[in-house]
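Asker: Below is the file entry_17.txt, which contains compact mmCIF, C-alpha atoms and all ligand atoms.
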# COMPACT_ATOMS: atom_id res chain seq x y z
CA MET A 97 -77.87 145.06 18.67
CA ARG A 98 -79.63 144.40 15.38
CA ILE A 99 -83.14 143.00 15.35
CA VAL A 100 -84.96 141.91 12.22
CA THR A 101 -88.73 142.25 12.66
CA ILE A 102 -90.89 140.23 10.31
CA VAL A 103 -94.40 141.48 9.51
CA GLY A 104 -96.72 140.70 6.64
CA ALA A 105 -100.40 140.80 7.54
CA ARG A 106 -102.69 143.50 8.85
CA PRO A 107 -102.79 142.50 12.55
CA GLN A 108 -99.00 142.42 12.65
CA PHE A 109 -98.72 146.01 11.50
CA VAL A 110 -100.89 146.99 14.46
CA LYS A 111 -98.84 145.00 16.99
CA ALA A 112 -95.47 146.05 15.55
CA SER A 113 -96.42 149.73 15.61
CA VAL A 114 -96.30 150.02 19.40
CA VAL A 115 -93.20 147.87 19.82
CA SER A 116 -91.35 149.82 17.11
CA LYS A 117 -92.30 153.01 18.89
CA ALA A 118 -90.97 151.57 22.17
CA PHE A 119 -87.67 150.70 20.43
CA ARG A 120 -87.31 154.30 19.33
CA LYS A 121 -88.27 155.61 22.76
CA LEU A 122 -86.36 153.29 25.09
CA ALA A 123 -83.35 152.04 23.23
CA PRO A 124 -82.64 154.18 20.16
CA GLN A 125 -78.89 153.80 20.60
CA ARG A 126 -78.86 150.15 21.58
CA ILE A 127 -81.25 148.58 19.09
CA GLN A 128 -81.31 148.90 15.34
CA GLU A 129 -84.60 147.49 14.05
CA ILE A 130 -84.70 146.27 10.47
CA LEU A 131 -88.33 145.97 9.45
CA VAL A 132 -89.07 143.30 6.84
CA HIS A 133 -92.53 143.14 5.19
CA THR A 134 -93.18 139.79 3.54
CA GLY A 135 -95.85 141.30 1.29
CA GLN A 136 -98.46 138.74 2.44
CA HIS A 137 -100.92 141.61 2.55
CA TYR A 138 -100.34 143.94 -0.35
CA ASP A 139 -103.62 145.79 -1.00
CA THR A 140 -103.42 149.44 0.05
CA GLU A 141 -106.30 149.10 2.50
CA LEU A 142 -104.74 146.05 4.18
CA SER A 143 -101.20 147.39 4.30
CA ASP A 144 -100.07 150.94 3.34
CA VAL A 145 -102.84 152.72 5.20
CA PHE A 146 -101.83 150.96 8.44
CA PHE A 147 -98.22 152.07 8.10
CA ARG A 148 -99.39 155.64 7.55
CA GLN A 149 -101.94 155.81 10.36
CA LEU A 150 -99.92 153.97 12.97
CA GLY A 151 -96.70 155.84 12.22
CA ILE A 152 -94.69 152.69 11.46
CA PRO A 153 -91.39 153.36 9.73
CA LYS A 154 -91.33 152.24 6.10
CA PRO A 155 -90.12 148.63 5.88
CA VAL A 156 -86.47 148.42 4.96
CA ILE A 157 -87.21 145.38 2.83
CA ASN A 158 -90.48 144.32 1.14
CA LEU A 159 -90.31 140.77 -0.14
CA GLY A 160 -93.45 141.11 -2.28
CA ILE A 161 -94.51 137.49 -1.72
CA GLY A 162 -98.27 138.02 -2.21
CA SER A 163 -100.94 135.32 -2.21
CA GLY A 164 -100.88 131.57 -2.72
CA THR A 165 -101.79 128.33 -1.01
CA ASN A 166 -100.56 128.01 2.56
CA GLY A 167 -97.59 125.88 1.50
CA ALA A 168 -96.59 127.94 -1.53
CA GLN A 169 -96.91 131.24 0.31
CA THR A 170 -94.97 130.03 3.35
CA GLY A 171 -92.32 128.36 1.17
CA ARG A 172 -91.67 131.50 -0.85
CA MET A 173 -91.39 133.52 2.34
CA LEU A 174 -89.01 131.04 3.92
CA GLU A 175 -86.62 131.22 1.01
CA SER A 176 -86.68 135.01 0.81
CA ILE A 177 -86.41 135.59 4.56
CA GLU A 178 -83.47 133.19 4.78
CA GLN A 179 -81.70 135.25 2.14
CA VAL A 180 -82.34 138.48 4.08
CA LEU A 181 -81.14 136.95 7.35
CA MET A 182 -77.95 135.62 5.75
CA GLU A 183 -77.20 139.10 4.46
CA GLU A 184 -78.24 141.07 7.55
CA ARG A 185 -76.90 138.65 10.22
CA PRO A 186 -79.09 140.08 13.01
CA ASP A 187 -78.68 139.24 16.70
CA ARG A 188 -82.36 138.31 16.91
CA VAL A 189 -85.53 137.92 14.87
CA LEU A 190 -88.85 139.22 16.19
CA VAL A 191 -92.14 137.75 14.97
CA TYR A 192 -95.78 138.49 15.83
CA GLY A 193 -98.95 136.44 16.11
CA ASP A 194 -99.88 133.45 14.03
CA THR A 195 -99.80 134.11 10.32
CA ASN A 196 -97.81 132.41 7.60
CA SER A 197 -95.36 135.32 7.83
CA THR A 198 -94.82 134.51 11.53
CA LEU A 199 -94.06 130.88 10.83
CA ALA A 200 -91.74 131.60 7.90
CA GLY A 201 -89.79 134.21 9.89
CA ALA A 202 -89.40 131.96 12.91
CA LEU A 203 -88.39 128.91 10.93
CA ALA A 204 -85.90 130.71 8.71
CA ALA A 205 -84.23 132.24 11.77
CA ALA A 206 -84.17 129.08 13.86
CA LYS A 207 -82.51 127.12 11.05
CA LEU A 208 -79.79 129.76 10.88
CA HIS A 209 -79.42 129.57 14.69
CA ILE A 210 -80.62 133.13 15.11
CA PRO A 211 -82.64 133.49 18.36
CA VAL A 212 -86.35 134.09 17.83
CA ALA A 213 -88.66 136.21 19.99
CA HIS A 214 -92.39 135.63 19.59
CA VAL A 215 -94.92 138.29 20.56
CA GLU A 216 -98.32 136.73 21.37
CA ALA A 217 -96.82 133.39 22.33
CA GLY A 218 -98.81 130.58 23.90
CA LEU A 219 -102.18 131.21 22.31
CA ARG A 220 -104.07 128.02 21.45
CA SER A 221 -107.46 127.30 19.92
CA PHE A 222 -106.75 123.55 20.05
CA ASN A 223 -108.11 123.34 16.51
CA ARG A 224 -105.35 122.05 14.27
CA HIS A 225 -107.47 122.55 11.17
CA MET A 226 -106.70 126.26 11.38
CA PRO A 227 -103.47 127.26 9.63
CA GLU A 228 -102.99 129.79 12.44
CA GLU A 229 -102.88 127.04 15.07
CA ILE A 230 -100.09 125.18 13.27
CA ASN A 231 -98.25 128.49 12.88
CA ARG A 232 -98.54 129.23 16.61
CA VAL A 233 -97.41 125.84 17.81
CA VAL A 234 -94.37 125.62 15.54
CA THR A 235 -93.34 129.22 16.17
CA ASP A 236 -93.48 128.79 19.94
CA HIS A 237 -91.38 125.65 19.81
CA VAL A 238 -88.55 127.32 17.88
CA SER A 239 -88.59 130.57 19.90
CA ASP A 240 -86.37 131.22 22.91
CA LEU A 241 -88.13 134.37 24.09
CA LEU A 242 -91.88 133.91 24.42
CA PHE A 243 -93.90 137.02 25.19
CA CYS A 244 -97.28 135.86 26.47
CA PRO A 245 -100.25 138.22 26.67
CA THR A 246 -102.16 136.24 29.31
CA LYS A 247 -101.86 133.73 32.12
CA THR A 248 -103.67 131.13 30.01
CA ALA A 249 -101.00 131.50 27.31
CA VAL A 250 -98.24 130.84 29.86
CA GLU A 251 -100.09 127.74 31.05
CA ASN A 252 -100.57 126.49 27.47
CA LEU A 253 -96.81 126.63 26.90
CA ARG A 254 -96.12 124.78 30.14
CA GLN A 255 -98.53 122.05 29.06
CA GLU A 256 -96.40 121.59 25.94
CA GLY A 257 -93.21 121.37 27.96
CA ILE A 258 -91.97 124.88 27.20
CA VAL A 259 -90.76 126.36 30.48
CA ARG A 260 -87.83 128.62 29.62
CA GLY A 261 -87.88 132.11 28.17
CA ILE A 262 -91.55 132.70 29.01
CA HIS A 263 -92.57 136.24 30.02
CA GLN A 264 -96.12 137.33 30.71
CA VAL A 265 -95.95 140.91 29.48
CA GLY A 266 -99.57 141.73 28.67
CA ASP A 267 -101.10 142.34 25.29
CA VAL A 268 -99.60 144.80 22.81
CA MET A 269 -103.04 145.27 21.23
CA TYR A 270 -104.22 146.77 24.50
CA ASP A 271 -101.33 149.26 24.27
CA CYS A 272 -102.53 150.07 20.76
CA VAL A 273 -106.13 150.65 21.74
CA LEU A 274 -105.12 152.90 24.65
CA THR A 275 -102.88 154.91 22.33
CA PHE A 276 -105.13 155.17 19.31
CA ALA A 277 -108.75 155.12 20.56
CA PRO A 278 -108.67 158.82 21.64
CA ILE A 279 -107.06 159.74 18.30
CA ALA A 280 -109.77 157.75 16.46
CA GLU A 281 -112.47 159.50 18.42
CA GLN A 282 -111.06 162.89 17.47
CA ASN A 283 -110.26 162.23 13.85
CA SER A 284 -112.46 159.50 12.41
CA LYS A 285 -115.56 160.64 10.53
CA ILE A 286 -116.75 157.13 9.79
CA LEU A 287 -119.99 157.29 11.80
CA GLY A 288 -121.16 160.32 9.85
CA GLU A 289 -119.96 158.93 6.53
CA LEU A 290 -121.94 155.72 7.02
CA ASN A 291 -124.86 157.56 8.62
CA LEU A 292 -124.69 155.55 11.85
CA LYS A 293 -125.79 156.40 15.38
CA PRO A 294 -123.70 155.38 18.40
CA LYS A 295 -124.91 152.00 19.71
CA GLY A 296 -127.35 151.81 16.81
CA TYR A 297 -125.60 149.23 14.60
CA PHE A 298 -123.83 145.89 14.57
CA LEU A 299 -120.29 145.56 13.23
CA ALA A 300 -119.33 142.30 11.47
CA THR A 301 -116.14 140.87 10.00
CA ILE A 302 -115.52 137.42 8.47
CA HIS A 303 -112.24 136.27 6.99
CA ARG A 304 -111.04 132.99 8.57
CA ALA A 305 -110.38 130.23 6.08
CA GLU A 306 -112.54 127.86 8.17
CA ASN A 307 -115.52 130.15 7.42
CA THR A 308 -114.74 131.49 3.96
CA ASP A 309 -113.59 128.21 2.42
CA ASP A 310 -116.73 126.31 3.41
CA PRO A 311 -119.76 127.48 1.39
CA ALA A 312 -122.28 126.11 3.91
CA ARG A 313 -120.68 127.94 6.85
CA LEU A 314 -120.33 131.18 4.89
CA LYS A 315 -123.92 131.00 3.65
CA SER A 316 -125.19 130.44 7.18
CA LEU A 317 -123.21 133.45 8.45
CA LEU A 318 -124.61 135.64 5.70
CA ASP A 319 -128.17 134.49 6.49
CA ALA A 320 -127.56 135.58 10.09
CA LEU A 321 -126.23 139.00 9.05
CA PHE A 322 -129.22 139.61 6.76
CA GLU A 323 -131.71 138.70 9.45
CA ILE A 324 -130.01 140.82 12.11
CA ASN A 325 -129.94 143.73 9.67
CA ARG A 326 -133.64 143.23 8.87
CA ARG A 327 -134.93 142.65 12.38
CA LEU A 328 -132.60 144.38 14.85
CA ALA A 329 -130.34 147.16 13.53
CA PRO A 330 -128.10 147.96 10.54
CA VAL A 331 -125.12 145.63 10.07
CA VAL A 332 -121.88 147.27 8.95
CA TRP A 333 -119.56 144.80 7.26
CA PRO A 334 -116.08 145.69 5.98
CA VAL A 335 -115.47 142.80 3.57
CA HIS A 336 -112.04 141.13 3.54
CA PRO A 337 -110.70 140.31 0.02
CA ARG A 338 -110.58 136.59 0.87
CA THR A 339 -114.30 136.67 1.70
CA ARG A 340 -115.19 138.74 -1.35
CA LYS A 341 -113.40 136.21 -3.57
CA ALA A 342 -115.09 133.28 -1.84
CA MET A 343 -118.55 134.83 -2.33
CA LEU A 344 -117.79 135.41 -6.00
CA SER A 345 -116.65 131.85 -6.51
CA TYR A 346 -119.75 130.44 -4.76
CA LYS A 347 -121.87 132.85 -6.82
CA ILE A 348 -123.32 134.38 -3.64
CA THR A 349 -124.74 137.81 -4.36
CA LEU A 350 -125.57 140.31 -1.65
CA ASP A 351 -128.42 142.76 -1.82
CA ASP A 352 -127.52 146.27 -0.78
CA SER A 353 -129.45 146.28 2.50
CA LEU A 354 -126.26 145.51 4.44
CA CYS A 355 -123.80 148.36 4.92
CA LEU A 356 -120.86 146.87 3.02
CA THR A 357 -117.49 148.61 2.91
CA ALA A 358 -113.96 147.85 1.78
CA PRO A 359 -111.55 146.84 4.61
CA LEU A 360 -111.24 149.92 6.81
CA PRO A 361 -108.21 151.76 8.17
CA TYR A 362 -107.32 151.15 11.83
CA LEU A 363 -108.70 154.41 13.24
CA ASP A 364 -112.09 154.06 11.51
CA MET A 365 -112.31 150.47 12.68
CA GLN A 366 -111.60 151.46 16.29
CA GLN A 367 -114.22 154.18 16.12
CA LEU A 368 -116.78 151.78 14.65
CA MET A 369 -116.00 149.18 17.30
CA ALA A 370 -116.17 151.62 20.21
CA ASN A 371 -119.64 152.77 19.14
CA ALA A 372 -121.16 149.47 18.01
CA ARG A 373 -124.10 147.86 19.77
CA CYS A 374 -122.30 144.55 19.30
CA VAL A 375 -119.32 143.16 17.34
CA MET A 376 -119.68 139.87 15.43
CA THR A 377 -116.40 138.48 14.19
CA ASP A 378 -114.16 135.51 13.49
CA SER A 379 -111.06 137.68 14.01
CA GLY A 380 -108.93 137.04 17.08
CA GLY A 381 -107.85 140.65 17.46
CA MET A 382 -111.34 142.10 17.28
CA GLN A 383 -112.59 139.85 20.10
CA LYS A 384 -110.07 141.56 22.35
CA GLU A 385 -110.61 145.03 20.93
CA ALA A 386 -114.36 144.76 21.56
CA PHE A 387 -113.51 143.79 25.14
CA PHE A 388 -111.17 146.79 25.52
CA HIS A 389 -113.94 149.08 24.22
CA GLN A 390 -116.48 147.36 26.52
CA VAL A 391 -118.67 146.30 23.63
CA PRO A 392 -120.24 142.82 23.60
CA CYS A 393 -118.82 140.39 21.08
CA LEU A 394 -120.17 137.31 19.32
CA THR A 395 -117.41 135.05 18.02
CA LEU A 396 -118.33 133.40 14.74
CA ARG A 397 -116.18 130.34 15.38
CA ASP A 398 -116.42 127.13 17.36
CA GLU A 399 -113.66 128.04 19.79
CA THR A 400 -111.40 130.92 20.75
CA GLU A 401 -107.79 131.37 21.84
CA TRP A 402 -108.92 134.36 23.91
CA VAL A 403 -110.79 132.42 26.58
CA GLU A 404 -110.50 135.30 29.07
CA THR A 405 -112.97 137.32 27.02
CA THR A 406 -115.62 134.60 27.26
CA GLU A 407 -115.50 134.58 31.04
CA CYS A 408 -118.23 136.70 32.69
CA GLY A 409 -120.10 136.74 29.37
CA TYR A 410 -118.13 139.52 27.64
CA ASN A 411 -117.76 137.40 24.51
CA GLN A 412 -119.96 134.51 23.37
CA ILE A 413 -118.83 131.71 21.10
CA VAL A 414 -121.75 131.31 18.71
CA GLY A 415 -120.25 129.34 15.81
CA THR A 416 -121.94 129.67 12.44
CA ASP A 417 -125.50 128.54 13.18
CA ALA A 418 -127.72 131.38 11.93
CA LYS A 419 -130.48 130.88 14.51
CA LYS A 420 -128.03 130.89 17.41
CA ILE A 421 -126.27 134.02 16.13
CA ILE A 422 -129.53 135.94 15.67
CA GLU A 423 -130.76 135.01 19.15
CA ALA A 424 -127.45 135.98 20.73
CA ALA A 425 -127.37 139.28 18.79
CA ALA A 426 -130.81 140.22 20.08
CA THR A 427 -129.76 139.90 23.71
CA ALA A 428 -126.01 140.68 23.66
CA ARG A 429 -125.00 143.02 26.47
CA PHE A 430 -121.70 143.92 28.06
CA PRO A 431 -122.09 143.10 31.77
CA ASN A 432 -123.50 146.13 33.56
CA GLY A 433 -121.09 148.58 35.13
CA SER A 434 -118.12 146.28 34.54
CA LYS A 435 -114.76 147.85 34.05
CA SER A 436 -112.65 145.36 32.10
CA PRO A 437 -110.25 143.82 34.55
CA GLU A 438 -106.66 144.02 33.50
CA LEU A 439 -106.54 140.49 32.12
CA PHE A 440 -104.46 141.77 29.23
CA GLY A 441 -101.85 143.70 31.18
CA ASN A 442 -101.51 147.37 32.01
CA GLY A 443 -101.10 148.88 28.55
CA LYS A 444 -97.30 148.80 28.76
CA ALA A 445 -96.63 145.43 27.13
CA SER A 446 -94.52 146.99 24.39
CA LEU A 447 -92.20 148.65 26.91
CA ALA A 448 -91.79 145.37 28.80
CA ILE A 449 -90.96 143.58 25.54
CA VAL A 450 -88.28 146.07 24.55
CA ASN A 451 -86.70 145.97 28.02
CA LEU A 452 -86.57 142.18 27.88
CA LEU A 453 -85.15 142.18 24.36
CA VAL A 454 -82.35 144.46 25.53
CA THR A 455 -81.49 142.38 28.58
CA GLN A 456 -82.03 138.91 27.09
CA THR A 457 -80.26 139.26 23.74
CA SER A 458 -76.52 138.75 23.70
C1 LIG A 501 -104.18 136.25 7.15
C2 LIG A 501 -103.78 135.33 8.31
C3 LIG A 501 -104.80 135.46 9.42
C4 LIG A 501 -105.04 136.92 9.81
C5 LIG A 501 -105.45 137.69 8.54
C6 LIG A 501 -105.74 139.14 8.80
C7 LIG A 501 -102.56 133.30 7.64
C8 LIG A 501 -102.68 131.83 7.45
N1 LIG A 501 -103.73 133.96 7.89
O1 LIG A 501 -105.40 135.73 6.61
O2 LIG A 501 -104.36 134.75 10.56
O3 LIG A 501 -106.07 136.99 10.77
O4 LIG A 501 -104.38 137.57 7.59
O5 LIG A 501 -106.30 139.73 7.66
O6 LIG A 501 -101.49 133.84 7.58
N2 LIG A 501 -105.69 138.99 -0.47
C9 LIG A 501 -105.85 140.11 -1.23
N3 LIG A 501 -105.13 141.23 -0.92
C10 LIG A 501 -104.25 141.25 0.11
C11 LIG A 501 -104.08 140.09 0.86
C12 LIG A 501 -104.80 138.98 0.58
O7 LIG A 501 -106.65 140.16 -2.17
O8 LIG A 501 -103.64 142.31 0.34
C13 LIG A 501 -106.48 137.79 -0.79
C14 LIG A 501 -105.73 136.81 -1.64
O9 LIG A 501 -106.58 136.23 -2.56
C15 LIG A 501 -105.32 135.73 -0.65
C16 LIG A 501 -106.45 135.78 0.33
O10 LIG A 501 -106.87 137.15 0.39
O11 LIG A 501 -105.15 134.49 -1.22
C17 LIG A 501 -106.02 135.35 1.67
O12 LIG A 501 -104.87 136.08 2.08
P1 LIG A 501 -103.83 135.46 3.12
O13 LIG A 501 -102.82 136.46 3.46
O14 LIG A 501 -103.39 134.15 2.64
O15 LIG A 501 -104.71 135.16 4.38
P2 LIG A 501 -105.79 136.06 5.11
O16 LIG A 501 -107.13 135.42 4.86
O17 LIG A 501 -105.66 137.52 4.86
Using structure tokens, write down the structure that the file contains.
Answerer:
Amino acid sequence: MRIVTIVGARPQFVKASVVSKAFRKLAPQRIQEILVHTGQHYDTELSDVFFRQLGIPKPVINLGIGSGTNGAQTGRMLESIEQVLMEERPDRVLVYGDTNSTLAGALAAAKLHIPVAHVEAGLRSFNRHMPEEINRVVTDHVSDLLFCPTKTAVENLRQEGIVRGIHQVGDVMYDCVLTFAPIAEQNSKILGELNLKPKGYFLATIHRAENTDDPARLKSLLDALFEINRRLAPVVWPVHPRTRKAMLSYKITLDDSLCLTAPLPYLDMQQLMANARCVMTDSGGMQKEAFFHQVPCLTLRDETEWVETTECGYNQIVGTDAKKIIEAAATARFPNGSKSPELFGNGKASLAIVNLLVTQTS
């Protein structure tokens, strides 16, 4: 059986790493995986370093699509992926998450009548202004195997009339954290390099278009980070290239009191998260990773797809209002003595996915 896996952006490299490993472990004879990188993320620190650290095989094909508006980027991917699929004629296409690469891969395959499997199916923020939400909805509706991380995701699909091919397998990012957190703890030197003490700093990331492409929202977030850094504890902020460009174009300059870094490799990021006093982020993945590390999280958005993390106060939705963020940062705590319940599976989602791919693909 031949499976074409489409990846393109940083979070997909993380998710694909554990599933690719499960392919090699469980079904090396039965499944040939052809890894296609769209080239959506092309900077070394957003791409190559993840392949190296996570032990992902080199992509067989790199489409080199690069940046562009949502439409242009997706359109270029669609055309190139279609070409690959016509040449490779796989039995199935596997896509991850909610990026433009996900949508392009799913759409190209569906139009060629190649069955599509979607890992992280059923997530919804119910905010159709986010490109990711459009990508999720369309991808789910053209997929015939839908691997849901949570019960809520299964329910969301049902609400949209999707009832077949749904499998609640758990979250592959939990598999990743279980695999790589001990390795990060052993190997990462990031705390020393940045001169940080465990539980003595905040960790922030901002990259969502809804925050970066609106100067007022971005400015308000930066005000919050400055104040938290001044009043509470150092704020470490690995700056995404989209955010760096936005700040340049709005002529926002940062003084050097914040601990700014380039985007960090996976292991350093896990180590920083595990030891942070609190994570503040608009990333979907980091909300869950904070939860897995039992670190409180403030979500810098107006809603989340990961509603499970907000239950019991693990994760608070604080939006972009500076005052609210500062107040929440001052009091953020992970509930005492709580061991994260297994809302995201048992750490074997990738094995379940590979088993289902073998049995459900003709
Ligand atoms: C994308 C995903 C988002 C995911 C995020 C993880 C979409 C719509 N968004 O957002 O869901 O959470 O990846 O990082 O697919 N850029 C570089 N170097 C790179 C890549 C991007 O400089 O290697 C710059 C380019 O100017 C580009 C901008 O960042 O236009 C945005 O990149 P893009 O891939 O479109 O979206 P992300 O913001 O990274």
Asker: Could you make a table, as a Markdown table, of the residues of chain A that have an atom within 8 Å of an atom of ligand LIG 501 (chain A), each with its nearest atom pair and distance in Å to one decimal, counting all atoms listed in the file, in chain and number order?
Answerer:
| residue | atom | partner | partner_atom | distance |
| --- | --- | --- | --- | --- |
| A:Ala105 | CA | A:LIG501 | O4 | 5.1 |
| A:Arg106 | CA | A:LIG501 | C6 | 5.3 |
| A:Pro107 | CA | A:LIG501 | C6 | 5.8 |
| A:Gly135 | CA | A:LIG501 | O8 | 7.9 |
| A:Gln136 | CA | A:LIG501 | O13 | 5.0 |
| A:His137 | CA | A:LIG501 | O8 | 3.6 |
| A:Tyr138 | CA | A:LIG501 | O8 | 3.7 |
| A:Asp139 | CA | A:LIG501 | O8 | 3.7 |
| A:Thr140 | CA | A:LIG501 | O8 | 7.1 |
| A:Glu141 | CA | A:LIG501 | O8 | 7.6 |
| A:Leu142 | CA | A:LIG501 | O8 | 5.5 |
| A:Ser143 | CA | A:LIG501 | O8 | 6.9 |
| A:Gly162 | CA | A:LIG501 | C11 | 6.9 |
| A:Ser163 | CA | A:LIG501 | O11 | 4.4 |
| A:Gly164 | CA | A:LIG501 | O11 | 5.4 |
| A:Thr165 | CA | A:LIG501 | O11 | 7.0 |
| A:Asn166 | CA | A:LIG501 | C8 | 6.6 |
| A:Gln169 | CA | A:LIG501 | O14 | 7.5 |
| A:Gly193 | CA | A:LIG501 | O2 | 7.9 |
| A:Asp194 | CA | A:LIG501 | O2 | 5.8 |
| A:Thr195 | CA | A:LIG501 | O6 | 3.2 |
| A:Asn196 | CA | A:LIG501 | O6 | 3.9 |
| A:Ser197 | CA | A:LIG501 | O6 | 6.3 |
| A:Thr198 | CA | A:LIG501 | O6 | 7.8 |
| A:Met226 | CA | A:LIG501 | C8 | 7.9 |
| A:Pro227 | CA | A:LIG501 | C8 | 5.1 |
| A:Glu228 | CA | A:LIG501 | C8 | 5.4 |
| A:Asn231 | CA | A:LIG501 | C8 | 7.8 |
| A:His303 | CA | A:LIG501 | O16 | 5.6 |
| A:Arg304 | CA | A:LIG501 | O16 | 5.9 |
| A:Ala305 | CA | A:LIG501 | O16 | 6.2 |
| A:His336 | CA | A:LIG501 | O5 | 7.2 |
| A:Pro337 | CA | A:LIG501 | O7 | 4.6 |
| A:Arg338 | CA | A:LIG501 | O10 | 3.8 |
| A:Thr339 | CA | A:LIG501 | O10 | 7.6 |
| A:Lys341 | CA | A:LIG501 | O9 | 6.9 |
| A:Ser379 | CA | A:LIG501 | O3 | 6.0 |
| A:Gly380 | CA | A:LIG501 | O3 | 6.9 |
| A:Gly381 | CA | A:LIG501 | O3 | 7.8 |
Asker: Would you mind listing what lies within 12 Å of Phe388 in chain A as a CSV table (one decimal) with C-alpha atoms, in the coordinates of the input, with all atoms listed in the file counted and same-chain residues fewer than 3 positions away left out?
Answerer:
chain,number,residue,atom,x,y,z
A,267,ASP,CA,-101.1,142.3,25.3
A,269,MET,CA,-103.0,145.3,21.2
A,270,TYR,CA,-104.2,146.8,24.5
A,271,ASP,CA,-101.3,149.3,24.3
A,272,CYS,CA,-102.5,150.1,20.8
A,273,VAL,CA,-106.1,150.6,21.7
A,274,LEU,CA,-105.1,152.9,24.6
A,277,ALA,CA,-108.8,155.1,20.6
A,366,GLN,CA,-111.6,151.5,16.3
A,369,MET,CA,-116.0,149.2,17.3
A,370,ALA,CA,-116.2,151.6,20.2
A,381,GLY,CA,-107.8,140.6,17.5
A,382,MET,CA,-111.3,142.1,17.3
A,383,GLN,CA,-112.6,139.8,20.1
A,384,LYS,CA,-110.1,141.6,22.4
A,385,GLU,CA,-110.6,145.0,20.9
A,391,VAL,CA,-118.7,146.3,23.6
A,392,PRO,CA,-120.2,142.8,23.6
A,393,CYS,CA,-118.8,140.4,21.1
A,405,THR,CA,-113.0,137.3,27.0
A,410,TYR,CA,-118.1,139.5,27.6
A,411,ASN,CA,-117.8,137.4,24.5
A,430,PHE,CA,-121.7,143.9,28.1
A,434,SER,CA,-118.1,146.3,34.5
A,435,LYS,CA,-114.8,147.8,34.0
A,436,SER,CA,-112.6,145.4,32.1
A,437,PRO,CA,-110.2,143.8,34.6
A,438,GLU,CA,-106.7,144.0,33.5
A,439,LEU,CA,-106.5,140.5,32.1
A,440,PHE,CA,-104.5,141.8,29.2
A,441,GLY,CA,-101.8,143.7,31.2
A,442,ASN,CA,-101.5,147.4,32.0
A,443,GLY,CA,-101.1,148.9,28.6
Asker: Excluding range 285-290 of chain A and any residue of its chain fewer than 4 positions from it, enumerate the residues within 8 Å of it, using only C-alpha atoms, and give them as a PyMOL selection string.
Answerer: chain A and resi 294+355+364+367-368
Asker: Please determine the residues with any atom at most 8 Å from (-125.9, 140.9, 21.2) (coordinates as given in the file, with only C-alpha atoms counting) and report them as a list of chain:residue names.
Answerer: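 Residues satisfying the cut-off, written out: A:Arg373, A:Cys374, A:Val375, A:Pro392, A:Cys393, A:Leu394, A:Glu423, A:Ala424, A:Ala425, A:Ala426, A:Thr427, A:Ala428, A:Arg429.
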Asker: Could you name the residues that touch range 236-244 of chain A at 9 Å or less, counting only C-alpha atoms, but leaving out those on the same chain fewer than 2 positions away, as number ranges by chain?
Answerer: A: 202-203, 205-206, 211-219, 231-234, 246-250, 253, 256, 258, 260-267, 449, 452-453, 456
Asker: Box along x, y and z, 6 Å on every side, all listed atoms of range 290-305 of chain A inside: centre and edge lengths in Å to one decimal, as AutoDock Vina command-line options.
Answerer:
--center_x -118.9 --center_y 143.9 --center_z 12.9 --size_x 29.0 --size_y 39.3 --size_z 25.6
Asker: Using only C-alpha atoms, which protein or nucleic acid residues come within 6 Å of Asp378 in chain A? Drop anything in the same chain fewer than 2 positions from it, and give the result as a PyMOL selection string.
Answerer: chain A and resi 302+395-397
Asker: What gap, in Å, lies between CA of Thr406 in chain A and CA of Phe298 in chain A?
Answerer: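 Calculated distance between CA of Thr406 in chain A and CA of Phe298 in chain A is 18.9 Å.
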